[in-house]
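Just work.cif here, mmCIF, C-alpha atoms:
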data_input
loop_
_atom_site.label_atom_id
_atom_site.label_comp_id
_atom_site.auth_asym_id
_atom_site.auth_seq_id
_atom_site.Cartn_x
_atom_site.Cartn_y
_atom_site.Cartn_z
CA MET A 259 0.00 0.00 0.00
CA GLN A 260 1.42 3.32 -0.99
CA VAL A 261 1.11 6.23 1.32
CA SER A 262 1.65 9.62 -0.22
CA ARG A 263 3.87 12.20 1.42
CA SER A 264 1.08 14.73 1.63
CA SER A 265 -1.21 12.31 3.47
CA ILE A 266 1.54 11.73 6.11
CA GLN A 267 1.83 15.49 6.46
CA VAL A 268 -1.91 15.80 6.93
CA CYS A 269 -1.93 13.05 9.55
CA LEU A 270 0.96 14.62 11.44
CA ALA A 271 -0.68 18.02 11.30
CA TRP A 272 -3.91 16.68 12.75
CA LEU A 273 -1.98 14.78 15.41
CA PHE A 274 -0.14 17.93 16.51
CA LEU A 275 -3.29 20.01 16.29
CA GLY A 276 -5.22 17.50 18.40
CA HIS A 277 -2.47 17.41 21.00
CA PHE A 278 -2.32 21.20 21.03
CA ILE A 279 -6.07 21.52 21.47
CA ALA A 280 -6.04 18.94 24.27
CA LEU A 281 -3.38 20.98 26.06
CA ALA A 282 -5.05 24.31 25.43
CA LEU A 283 -8.54 23.36 26.51
CA PRO A 284 -9.12 23.64 30.23
CA LEU A 285 -10.20 20.01 30.30
CA GLY A 286 -7.42 19.00 32.59
CA HIS A 287 -8.27 21.54 35.29
CA PRO A 288 -10.43 19.91 37.89
CA PRO A 289 -12.80 22.46 39.41
CA ALA A 290 -12.29 23.93 42.86
CA THR A 291 -13.43 21.41 45.38
CA PHE A 292 -14.56 21.53 48.94
CA GLU A 293 -12.94 18.90 51.08
CA LYS A 294 -15.15 17.51 53.76
CA PRO A 295 -13.96 18.68 57.18
CA VAL A 296 -11.83 16.05 58.83
CA SER A 297 -13.35 16.56 62.22
CA GLY A 298 -15.96 19.25 62.04
CA GLY A 299 -18.61 19.59 64.65
CA LEU A 300 -18.56 19.65 68.39
CA GLN A 301 -15.42 18.09 69.62
CA ALA A 302 -15.64 18.21 73.33
CA ALA A 303 -17.66 17.13 76.22
CA SER A 304 -20.13 19.93 76.63
CA ASP A 305 -22.63 21.66 74.40
CA PRO A 306 -21.66 25.34 74.46
CA THR A 307 -25.23 26.53 74.03
CA SER A 308 -26.49 24.71 77.09
CA THR A 309 -24.10 26.36 79.49
CA GLY A 310 -24.98 30.03 79.04
CA LEU A 311 -21.58 30.62 77.50
CA THR A 312 -19.99 34.06 77.41
CA LEU A 313 -17.79 34.28 74.36
CA ILE A 314 -15.03 36.69 73.37
CA LEU A 315 -14.59 37.10 69.61
CA LEU A 316 -10.85 37.34 68.99
CA SER A 317 -9.64 39.25 65.97
CA PRO A 318 -9.25 36.65 63.15
CA THR A 319 -5.75 35.84 61.91
CA ILE A 320 -5.21 35.86 58.14
CA LEU A 321 -2.12 34.27 56.62
CA ILE A 322 -1.53 35.04 52.95
CA GLU A 323 1.25 32.76 51.77
CA GLU A 324 3.85 33.65 49.18
CA ALA A 325 2.81 32.88 45.61
CA PRO A 326 4.85 30.26 43.79
CA VAL A 327 6.82 31.14 40.67
CA ASP A 328 6.67 28.87 37.63
CA SER A 329 10.26 28.01 36.75
CA ARG A 330 9.20 27.37 33.13
CA ILE A 331 8.44 31.05 32.57
CA LYS A 332 11.29 33.51 32.23
CA ASN A 333 10.86 36.66 34.34
CA ALA A 334 7.58 35.39 35.79
CA GLN A 335 5.70 38.11 37.58
CA PRO A 336 4.69 37.46 41.18
CA VAL A 337 0.98 37.16 41.84
CA PRO A 338 -0.41 40.47 43.11
CA PRO A 339 -1.70 40.42 46.70
CA ILE A 340 -5.06 38.65 46.89
CA ALA A 341 -6.86 41.22 49.00
CA ASN A 342 -6.57 43.26 52.12
CA PRO A 343 -6.54 40.93 55.16
CA GLU A 344 -8.98 43.30 56.87
CA GLU A 345 -11.67 42.33 54.35
CA TYR A 346 -11.35 38.68 55.38
CA GLN A 347 -11.38 39.65 59.06
CA ASN A 348 -14.52 41.73 58.64
CA LEU A 349 -16.28 38.90 56.78
CA LEU A 350 -15.34 36.31 59.40
CA MET A 351 -16.48 38.56 62.26
CA LYS A 352 -19.75 39.43 60.50
CA ILE A 353 -20.67 35.78 59.92
CA ALA A 354 -19.53 34.72 63.41
CA ARG A 355 -21.79 37.39 64.97
CA GLN A 356 -24.73 36.31 62.79
CA LYS A 357 -24.31 32.63 63.58
CA LEU A 358 -23.52 32.83 67.28
CA SER A 359 -25.49 35.77 68.64
CA GLY A 360 -28.61 33.61 69.12
CA SER A 361 -26.88 30.89 71.11
CA VAL A 362 -24.21 32.57 73.22
CA LYS A 363 -23.51 35.92 74.84
CA LEU A 364 -20.95 37.65 72.64
CA VAL A 365 -18.34 40.00 74.08
CA GLU A 366 -16.49 42.31 71.70
CA LEU A 367 -12.78 42.89 72.21
CA ASP A 368 -13.12 46.66 72.54
CA THR A 369 -15.51 46.30 75.49
CA LEU A 370 -13.04 44.27 77.55
CA ASP A 371 -11.14 45.58 80.54
CA SER A 372 -7.45 46.24 79.95
CA SER A 373 -6.27 43.04 81.67
CA SER A 374 -8.49 40.74 79.59
CA ALA A 375 -7.75 42.69 76.41
CA GLU A 376 -4.02 42.30 77.07
CA ALA A 377 -4.44 38.56 77.66
CA CYS A 378 -6.43 38.25 74.41
CA LYS A 379 -3.60 39.97 72.53
CA GLY A 380 -1.32 37.32 73.98
CA LEU A 381 -3.37 34.64 72.21
CA ILE A 382 -2.94 36.09 68.71
CA PRO A 383 0.53 34.55 68.08
CA PHE A 384 -0.99 31.12 68.78
CA ALA A 385 -4.07 31.62 66.59
CA SER A 386 -3.07 29.16 63.85
CA ARG A 387 -2.65 26.27 66.28
CA LEU A 388 -5.55 27.26 68.57
CA ALA A 389 -7.91 27.38 65.59
CA ARG A 390 -7.22 23.73 64.86
CA GLY A 391 -7.69 22.88 68.55
CA SER A 392 -4.05 22.57 69.58
CA VAL A 393 -3.66 24.40 72.89
CA ASN A 394 -0.07 24.87 74.10
CA THR A 395 1.17 25.89 77.56
CA GLU A 396 1.74 29.56 76.72
CA ALA A 397 -1.78 29.85 75.29
CA THR A 398 -3.20 28.11 78.37
CA ASN A 399 -1.61 30.79 80.56
CA SER A 400 -3.10 33.59 78.47
CA LEU A 401 -6.50 31.86 78.48
CA ALA A 402 -6.39 31.63 82.27
CA ARG A 403 -5.67 35.36 82.47
CA VAL A 404 -8.69 36.02 80.20
CA GLY A 405 -10.75 33.88 82.59
CA ASN A 406 -9.54 35.83 85.61
CA GLY A 407 -10.14 39.22 84.03
CA ASN A 408 -11.48 42.12 86.06
CA SER A 409 -14.92 42.02 84.48
CA GLY A 410 -15.99 38.91 86.30
CA GLY A 411 -14.36 36.34 84.02
CA HIS A 412 -15.21 35.04 80.54
CA SER A 413 -16.02 31.49 79.62
CA ALA A 414 -14.48 31.02 76.19
CA VAL A 415 -12.78 32.61 73.21
CA LEU A 416 -13.53 32.10 69.51
CA VAL A 417 -10.35 31.77 67.44
CA GLN A 418 -10.66 32.18 63.67
CA TYR A 419 -7.91 31.57 61.12
CA ILE A 420 -7.59 31.66 57.34
CA ASP A 421 -4.57 30.37 55.39
CA LEU A 422 -4.58 31.47 51.74
CA GLN A 423 -2.18 29.86 49.29
CA PRO A 424 -2.17 31.68 45.93
CA GLY A 425 -1.57 29.64 42.79
CA LEU A 426 0.60 30.24 39.75
CA ASN A 427 0.28 33.53 37.95
CA HIS A 428 -0.38 32.26 34.41
CA THR A 429 -1.82 34.53 31.78
CA ARG A 430 -4.43 33.01 29.47
CA VAL A 431 -1.84 32.62 26.70
CA GLN A 432 0.71 31.01 29.05
CA SER A 433 -1.96 28.59 30.27
CA MET A 434 -2.72 27.63 26.69
CA LEU A 435 0.92 27.18 25.75
CA LEU A 436 2.04 25.40 28.90
CA GLY A 437 -1.00 23.21 29.08
CA PRO A 438 -3.05 22.46 32.17
CA THR A 439 -1.06 22.66 35.37
CA PRO A 440 -2.70 21.49 38.60
CA SER A 441 -3.27 24.49 40.81
CA VAL A 442 -1.53 24.60 44.16
CA ALA A 443 -3.90 27.34 45.34
CA SER A 444 -6.00 26.64 48.41
CA THR A 445 -8.04 28.22 51.17
CA LEU A 446 -8.06 26.78 54.68
CA ILE A 447 -10.55 28.18 57.20
CA GLN A 448 -10.45 27.00 60.81
CA VAL A 449 -12.40 28.08 63.83
CA ALA A 450 -12.32 26.83 67.42
CA LEU A 451 -14.14 27.64 70.60
CA ILE A 452 -11.76 27.29 73.54
CA SER A 453 -12.73 27.64 77.17
CA THR A 454 -10.61 29.79 79.43
CA ASP A 455 -9.46 26.65 81.22
CA GLY A 456 -7.90 25.45 77.94
CA ARG A 457 -10.52 22.91 76.78
CA VAL A 458 -11.53 22.78 73.12
CA LEU A 459 -15.35 23.03 73.27
CA TRP A 460 -15.95 22.97 69.54
CA LYS A 461 -13.98 23.29 66.34
CA SER A 462 -14.71 23.28 62.66
CA GLU A 463 -12.79 23.66 59.43
CA GLN A 464 -13.24 23.97 55.69
CA PHE A 465 -10.64 23.38 53.00
CA ILE A 466 -11.11 24.57 49.43
CA ARG A 467 -8.59 23.11 47.05
CA ARG A 468 -7.40 24.85 43.85
CA LYS A 469 -8.69 28.30 44.84
CA ALA A 470 -7.42 31.12 47.01
CA LEU A 471 -10.81 32.70 47.58
CA LYS A 472 -11.30 36.44 47.57
CA PRO A 473 -13.45 38.09 50.26
CA ASN A 474 -16.21 38.86 47.78
CA ASP A 475 -16.36 35.30 46.48
CA PRO A 476 -19.70 33.61 47.30
CA LEU A 477 -17.78 30.34 47.75
CA LEU A 478 -15.89 31.90 50.67
CA VAL A 479 -19.09 33.17 52.29
CA LYS A 480 -20.64 29.71 51.92
CA ALA A 481 -17.55 28.01 53.33
CA ILE A 482 -17.52 30.27 56.40
CA GLU A 483 -21.26 29.79 56.95
CA ASP A 484 -20.78 26.02 56.69
CA LEU A 485 -18.28 26.17 59.55
CA TYR A 486 -21.17 26.82 61.94
CA ARG A 487 -23.51 24.24 60.44
CA ASP A 488 -23.32 21.93 63.43
CA PHE A 489 -22.55 24.48 66.11
CA GLY A 490 -24.54 23.51 69.18
CA THR A 491 -26.38 20.66 67.48
CA LYS A 492 -24.54 17.76 69.01
CA MET B 15 -5.32 24.35 -0.55
CA ARG B 16 -2.87 21.42 -0.54
CA LYS B 17 -0.27 23.55 1.17
CA LEU B 18 -2.48 24.21 4.16
CA PRO B 19 -1.67 21.04 6.19
CA LEU B 20 2.04 21.63 5.77
CA GLN B 21 1.70 25.24 6.91
CA LEU B 22 -0.37 24.11 9.84
CA LEU B 23 2.24 21.54 10.76
CA VAL B 24 5.02 24.13 10.67
CA PHE B 25 2.89 26.49 12.76
CA VAL B 26 2.10 23.87 15.39
CA VAL B 27 5.68 22.58 15.55
CA GLY B 28 6.82 26.17 15.96
CA ILE B 29 4.49 26.67 18.91
CA VAL B 30 5.51 23.39 20.54
CA PHE B 31 9.18 24.36 20.36
CA ALA B 32 8.48 27.90 21.54
CA VAL B 33 7.19 26.67 24.90
CA PRO B 34 9.98 26.65 27.45
CA GLY B 35 10.59 23.17 28.79
CA ASN B 36 10.34 21.91 32.33
CA SER B 37 14.11 21.88 32.58
CA ALA B 38 14.27 25.62 33.25
CA LYS B 39 15.21 25.90 36.88
CA ALA B 40 14.94 28.70 39.39
CA PRO B 41 18.30 30.11 40.52
CA GLU B 42 19.91 27.72 42.94
CA GLY B 43 21.15 28.75 46.38
CA THR B 44 24.75 29.88 46.01
CA SER B 45 27.42 29.02 48.53
CA ASP B 46 27.46 30.93 51.79
CA PRO B 47 30.27 30.87 54.41
CA LYS B 48 27.66 30.41 57.15
CA PHE B 49 26.47 27.22 55.48
CA ASP B 50 29.98 26.06 54.56
CA ALA B 51 30.59 25.71 58.30
CA VAL B 52 27.68 23.30 58.65
CA GLY B 53 28.83 19.77 59.46
CA SER B 54 26.57 16.75 59.76
CA ILE B 55 22.87 17.54 59.51
CA PHE B 56 20.63 15.20 61.46
CA VAL B 57 17.38 14.82 59.49
CA LEU B 58 14.44 14.33 61.86
CA PRO B 59 11.44 12.12 61.03
CA VAL B 60 9.17 13.92 58.54
CA ILE B 61 6.04 15.31 60.18
CA SER B 62 2.60 15.32 58.58
CA ALA B 63 1.01 18.72 59.21
CA THR B 64 -2.08 18.30 57.05
CA SER B 65 -4.65 18.98 59.75
CA GLY B 66 -7.82 20.48 58.33
CA ARG B 67 -6.92 19.89 54.70
CA GLY B 68 -9.47 17.15 54.28
CA LYS B 69 -9.41 13.45 53.57
CA GLY B 70 -6.66 12.41 51.20
CA SER B 71 -4.57 15.53 51.81
CA GLY B 72 -1.92 13.66 53.75
CA PRO B 73 1.02 11.79 52.32
CA GLY B 74 -1.28 8.74 52.11
CA GLN B 75 0.46 5.75 50.67
CA VAL B 76 3.66 7.76 50.38
CA ARG B 77 5.76 6.82 53.35
CA LEU B 78 7.08 9.74 55.35
CA SER B 79 10.32 7.79 55.76
CA ASN B 80 10.75 7.88 51.97
CA ILE B 81 10.54 11.67 52.02
CA GLN B 82 13.08 11.70 54.86
CA LYS B 83 15.45 9.57 52.75
CA LEU B 84 14.86 11.87 49.79
CA VAL B 85 15.79 14.91 51.90
CA VAL B 86 19.01 13.16 52.99
CA LYS B 87 19.86 12.38 49.37
CA GLU B 88 19.18 15.95 48.21
CA LEU B 89 21.30 17.38 51.05
CA GLN B 90 24.15 15.09 50.07
CA LYS B 91 23.88 16.38 46.50
CA LYS B 92 24.45 19.85 47.97
CA ASN B 93 27.65 18.56 49.62
CA TYR B 94 26.22 18.34 53.15
CA GLN B 95 26.80 15.32 55.35
CA ALA B 96 23.27 14.27 56.14
CA ILE B 97 22.38 11.68 58.75
CA LEU B 98 19.11 9.80 58.55
CA GLY B 99 17.49 9.99 61.97
CA ASN B 100 14.88 7.61 63.35
CA THR B 101 11.90 7.26 61.09
CA THR B 102 9.39 7.94 63.87
CA TRP B 103 9.28 10.33 66.81
CA SER B 104 9.95 8.71 70.16
CA GLY B 105 8.16 11.54 71.98
CA GLU B 106 5.65 14.10 70.77
CA ALA B 107 6.56 15.61 67.40
CA ILE B 108 6.97 19.37 67.22
CA GLU B 109 4.28 21.45 65.56
CA ILE B 110 4.99 23.67 62.60
CA GLU B 111 4.43 26.83 64.67
CA ASP B 112 7.15 25.67 67.10
CA ALA B 113 9.56 25.36 64.19
CA GLU B 114 8.50 28.75 62.77
CA GLY B 115 8.97 30.36 66.18
CA GLY B 116 12.43 28.85 66.50
CA SER B 117 12.64 29.25 70.27
CA ARG B 118 15.87 28.07 71.90
CA GLN B 119 14.03 25.69 74.25
CA VAL B 120 12.27 23.95 71.37
CA ILE B 121 15.40 23.77 69.18
CA GLN B 122 17.54 22.26 71.89
CA LYS B 123 15.10 19.39 72.42
CA LEU B 124 15.33 18.29 68.78
CA GLY B 125 17.30 15.23 67.74
CA PRO B 126 20.01 13.44 69.69
CA PRO B 127 21.96 15.40 72.35
CA ASP B 128 25.20 15.35 70.34
CA ALA B 129 23.63 16.66 67.10
CA HIS B 130 24.78 20.16 66.13
CA TRP B 131 22.60 20.82 63.07
CA VAL B 132 19.10 19.44 62.80
CA MET B 133 16.61 19.58 59.92
CA ALA B 134 12.82 19.27 60.37
CA VAL B 135 10.53 18.75 57.37
CA PHE B 136 6.73 19.04 57.41
CA VAL B 137 4.32 17.80 54.75
CA GLU B 138 1.58 20.44 54.75
CA ASP B 139 -0.44 19.08 51.86
CA ALA B 140 -0.26 16.27 49.34
CA SER B 141 -3.09 15.45 46.98
CA SER B 142 -3.63 13.52 43.81
CA HIS B 143 -6.31 13.42 41.18
CA LEU B 144 -6.49 10.20 39.23
CA SER B 145 -8.42 10.31 35.98
CA LEU B 146 -9.80 7.70 33.63
CA ASN B 147 -10.60 10.38 31.05
CA PRO B 148 -8.06 10.09 28.19
CA LEU B 149 -8.06 13.87 27.80
CA ARG B 150 -7.08 14.35 31.43
CA GLU B 151 -3.96 13.05 33.01
CA ASN B 152 -3.30 12.07 36.59
CA SER B 153 -2.21 15.09 38.58
CA GLY B 154 -0.80 15.80 42.00
CA THR B 155 0.13 18.76 44.16
CA ALA B 156 2.19 18.93 47.34
CA LYS B 157 3.42 21.49 49.82
CA VAL B 158 6.30 20.96 52.25
CA SER B 159 8.21 23.15 54.70
CA GLY B 160 11.77 22.69 55.87
CA PHE B 161 13.73 24.17 58.77
CA LEU B 162 17.45 23.93 59.55
CA PHE B 163 18.40 24.60 63.15
CA ASP B 164 21.74 25.16 64.82
CA LYS B 165 21.15 23.38 68.13
CA VAL B 166 24.33 24.69 69.77
CA SER B 167 23.45 28.36 69.18
CA GLY B 168 19.73 27.66 69.44
CA VAL B 169 18.90 29.49 66.21
CA LEU B 170 16.86 28.86 63.09
CA MET B 171 19.39 29.06 60.22
CA TRP B 172 17.16 28.51 57.23
CA LYS B 173 13.55 27.88 56.39
CA GLN B 174 11.71 27.43 53.12
CA LYS B 175 8.42 26.24 51.74
CA GLY B 176 8.29 24.11 48.61
CA LEU B 177 5.35 23.58 46.27
CA GLY B 178 5.32 20.75 43.79
CA THR B 179 3.00 19.74 40.98
CA GLU B 180 2.88 16.69 38.80
CA TYR B 181 1.02 16.67 35.52
CA GLY B 182 1.48 15.37 32.04
CA ASN B 183 4.26 12.88 32.67
CA GLY B 184 1.99 9.85 32.72
CA SER B 185 2.68 9.37 36.41
CA PHE B 186 0.93 6.50 38.18
CA ASN B 187 1.71 7.97 41.59
CA PRO B 188 1.30 11.72 41.12
CA LYS B 189 1.18 12.39 44.86
CA SER B 190 4.61 10.86 45.38
CA ASP B 191 6.04 12.69 42.35
CA ALA B 192 4.52 16.01 43.48
CA LEU B 193 6.11 15.49 46.91
CA LYS B 194 9.48 14.88 45.27
CA ALA B 195 9.07 18.08 43.25
CA ALA B 196 8.09 19.98 46.40
CA VAL B 197 11.17 18.73 48.31
CA ASP B 198 13.33 19.70 45.34
CA ALA B 199 11.77 23.20 45.22
CA MET B 200 12.18 23.59 48.98
CA LEU B 201 15.87 22.67 49.04
CA ARG B 202 16.68 24.73 45.95
CA THR B 203 17.23 27.86 48.05
CA LEU B 204 19.51 26.10 50.55
CA PRO B 205 23.01 27.30 49.71
CA THR B 206 25.22 24.61 48.20
CA ARG B 207 28.10 23.82 50.53
CA SER B 208 31.56 24.35 49.08
CA LYS B 209 33.48 21.10 48.64
CA GLN B 210 36.15 20.82 51.33
#
I'd like the structure from this file rewritten - as structure tokens, please.
Amino acid sequence: MQVSRSSIQVCLAWLFLGHFIALALPLGHPPATFEKPVSGGLQAASDPTSTGLTLILLSPTILIEEAPVDSRIKNAQPVPPIANPEEYQNLLMKIARQKLSGSVKLVELDTLDSSSAEACKGLIPFASRLARGSVNTEATNSLARVGNGNSGGHSAVLVQYIDLQPGLNHTRVQSMLLGPTPSVASTLIQVALISTDGRVLWKSEQFIRRKALKPNDPLLVKAIEDLYRDFGTK
Amino acid sequence: MRKLPLQLLVFVVGIVFAVPGNSAKAPEGTSDPKFDAVGSIFVLPVISATSGRGKGSGPGQVRLSNIQKLVVKELQKKNYQAILGNTTWSGEAIEIEDAEGGSRQVIQKLGPPDAHWVMAVFVEDASSHLSLNPLRENSGTAKVSGFLFDKVSGVLMWKQKGLGTEYGNGSFNPKSDALKAAVDAMLRTLPTRSKQ
């Protein structure tokens, strides 16, 4: 069987074109996914709503990680900052107030006496570990001071934490030329309710893979609201 | 009309060759007198710090001891004498915040009493996406953090995060390959020790 030169060329062209289209189409990008919380829900012995809990809302901690640089692109530009951390803090506080005001007595930081306020500040450096329910000795000391504050003592603090990992800064053309690259972007949201004697009363977390969510993203609002889905139900 | 396929072929080949390959590397850590003085590095058991990142975000079937061995191998490539420590923690493992904080008390508890330099590595995330769709390939992403401590001075000498992705190489274990890429990216900024 004779195969003409032009037909080989046509076949090769279609082969390359097909490969190129497969790379260029965003077929390989799996959509952003919510991971089910590993251990969401009430974690500890008591139901916080049944104890007439007084709760201090600590200022949320926002960690915006450094964006990766794609070594395949010469002079790759760093990803611009995602957003102002204050916008995330405001959103977290707004939703926490909405979700908790019916079940517990909320105490705002600016209404605290100086001793308790100082002790609360001492908890901020431990926010990332406290929010996942890991209470260390230094944090226990600060929690005890919050409990012994001048205003009659407080029962618990709410620690909120967001870790944002931006992805690669590919332009549309670079994405088409380089082909689909799995995104390393992610959003981790953790919240824990810790009593002033150092017990973890409740904790919850949400992890969104492949997206560093912006404060105005409805997915972020939904994820934060979902944190409180089983607050006080178990 | 007959010339069109040939032109198309040339065009496509041109584009394929225009794309920079994966071999382009970020600048490597250059030598540094501070790091030239580093002797044997004791590599601690690798710690999984994937809390909250959902099911399947941990190293999974990838053994942490394999990552520890990989770190030792990569350090040796950079002319460091690396010692493989135990593969599991005898006591409670440190948390990533303890390593970040780098307090003298924490540092001095790490590794055997006679170790001078100690390296701790955390796996923060490792995921894979296996696909049966012929237009999609298996993919994986991983994130690791490494810390090098000087136990004698009680200081944190170096720290770095590393992100790794695996896609398009027909990998059957993308999580493991992404972790390797992440370790490679993490250690890239560690200055290469001058040969002595």
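Note that the spacing between atom CA of B:Ser104 and atom CA of B:Lys165 amounts to 18.6 Å.
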Taking every listed atom of stretch 468-485 of chain A and adding 8 Å to each side, what centre and edge lengths in Å (one decimal) does the axis-aligned box have, as AutoDock Vina command-line options?
--center_x -14.3 --center_y 31.9 --center_z 51.7 --size_x 29.9 --size_y 30.0 --size_z 31.7
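The residues caught by the PyMOL selection byres ((chain A and resi 394) around 12) in this file are A:Leu381, A:Pro383, A:Phe384, A:Ala385, A:Ser386, A:Arg387, A:Leu388, A:Ala389, A:Arg390, A:Gly391, A:Ser392, A:Val393, A:Thr395, A:Glu396, A:Ala397, A:Thr398, A:Asn399, A:Ser400, A:Leu401, A:Ile452, A:Asp455, A:Gly456, A:Arg457, A:Val458, B:Ile108, B:Glu109, B:Glu111, B:Asp112.
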Export C-alpha atoms of the chosen residues as a PDB file, in the frame of the given file?
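Final file, part-v8.pdb:
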ATOM      1  CA  LEU A 381      -3.370  34.640  72.210  1.00  0.00           C
ATOM      2  CA  PRO A 383       0.530  34.550  68.080  1.00  0.00           C
ATOM      3  CA  PHE A 384      -0.990  31.120  68.780  1.00  0.00           C
ATOM      4  CA  ALA A 385      -4.070  31.620  66.590  1.00  0.00           C
ATOM      5  CA  SER A 386      -3.070  29.160  63.850  1.00  0.00           C
ATOM      6  CA  ARG A 387      -2.650  26.270  66.280  1.00  0.00           C
ATOM      7  CA  LEU A 388      -5.550  27.260  68.570  1.00  0.00           C
ATOM      8  CA  ALA A 389      -7.910  27.380  65.590  1.00  0.00           C
ATOM      9  CA  ARG A 390      -7.220  23.730  64.860  1.00  0.00           C
ATOM     10  CA  GLY A 391      -7.690  22.880  68.550  1.00  0.00           C
ATOM     11  CA  SER A 392      -4.050  22.570  69.580  1.00  0.00           C
ATOM     12  CA  VAL A 393      -3.660  24.400  72.890  1.00  0.00           C
ATOM     13  CA  THR A 395       1.170  25.890  77.560  1.00  0.00           C
ATOM     14  CA  GLU A 396       1.740  29.560  76.720  1.00  0.00           C
ATOM     15  CA  ALA A 397      -1.780  29.850  75.290  1.00  0.00           C
ATOM     16  CA  THR A 398      -3.200  28.110  78.370  1.00  0.00           C
ATOM     17  CA  ASN A 399      -1.610  30.790  80.560  1.00  0.00           C
ATOM     18  CA  SER A 400      -3.100  33.590  78.470  1.00  0.00           C
ATOM     19  CA  LEU A 401      -6.500  31.860  78.480  1.00  0.00           C
ATOM     20  CA  ILE A 452     -11.760  27.290  73.540  1.00  0.00           C
ATOM     21  CA  ASP A 455      -9.460  26.650  81.220  1.00  0.00           C
ATOM     22  CA  GLY A 456      -7.900  25.450  77.940  1.00  0.00           C
ATOM     23  CA  ARG A 457     -10.520  22.910  76.780  1.00  0.00           C
ATOM     24  CA  VAL A 458     -11.530  22.780  73.120  1.00  0.00           C
TER      25      VAL A 458
ATOM     26  CA  ILE B 108       6.970  19.370  67.220  1.00  0.00           C
ATOM     27  CA  GLU B 109       4.280  21.450  65.560  1.00  0.00           C
ATOM     28  CA  GLU B 111       4.430  26.830  64.670  1.00  0.00           C
ATOM     29  CA  ASP B 112       7.150  25.670  67.100  1.00  0.00           C
TER      30      ASP B 112
END
| message | Taking the file as I've supplied it (selection: the PyMOL selection byres ((chain B and resi 51) around 12)), which residues are included? Please answer as a VMD selection string. | response | chain B and resid 45 to 50 52 to 55 93 to 95 130 to 131 164 171 205 to 210
| request: Step by step, work through what the PyMOL selection byres ((chain A and resi 477) around 12) selects in the shown file, and finish by giving those residues as a PyMOL selection string. | output: chain A and resi 290-292+445+464-467+469-476+478-484
| said: Give me, as a list in words, all polymer residues having an atom no more than 8 Å from B:Ala156, counting all atoms listed in the file and skipping those fewer than 3 positions away in the same chain. | reply: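 Final neighbour list, sorted by chain and number: Val442 of chain A; Val137, Glu138, Asp139, Ala140, Ser141, Leu177, Gly178, Thr179, Lys189, Ala192, Leu193 and Ala196 of chain B.
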| said: I'd like to know which of A:Val417, A:Leu451, A:Cys378, A:Leu435 is closest to chain B, using all atoms listed in the file. | reply: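 Answer, going by the shortest atom-to-atom distance: A:Leu435.
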| Polymer residues at most 8 Å from (10.0, 23.3, 55.3) by all atoms listed in the file, as a PyMOL selection string | chain B and resi 134-137+158-161+173-176+200
| request: Go through B:Ala96, B:Val57, B:Leu78, B:Ala63 one by one, measure the shortest atom-to-atom distance of each to B:Ser190 using all atoms listed in the file, and give the residue with the smallest value. | output: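 Ranking B:Ala96, B:Val57, B:Leu78, B:Ala63 by distance to B:Ser190, first place goes to B:Leu78.
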| Using all atoms listed in the file, which residues sit within 7 Å of B:Tyr181 once same-chain residues fewer than 4 positions away are excluded, as an MDAnalysis selection string? | (chainID A and resid 439:440) or (chainID B and resid 151:154)
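With all atoms listed in the file as the basis for measurement, B:Thr64 is the residue among B:Ser79, B:Phe163, B:Phe186, B:Thr64 that approaches chain A most closely.
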| message | I'd like the interatomic distance between atom CA of A:Thr454 and atom CA of A:Leu370, to a tenth of an Å. | response | 14.8 Å
| Any idea what the distance is between atom CA of B:Val120 and atom CA of B:Val60? | 16.6 Å
| note | A:Leu364 proximity check over A:Pro424, A:Gln418, A:Leu313, A:Met351, using all atoms listed in the file: winner is A:Leu313
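Among the candidates B:Arg202, B:Lys123, B:Lys157, B:Lys91, the one nearest to chain A when counting only C-alpha atoms is B:Lys157.
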| Using all atoms listed in the file, which residue out of A:Ala354, A:Ala377, A:Pro326, A:Ile420 lies closest to chain B? | A:Pro326
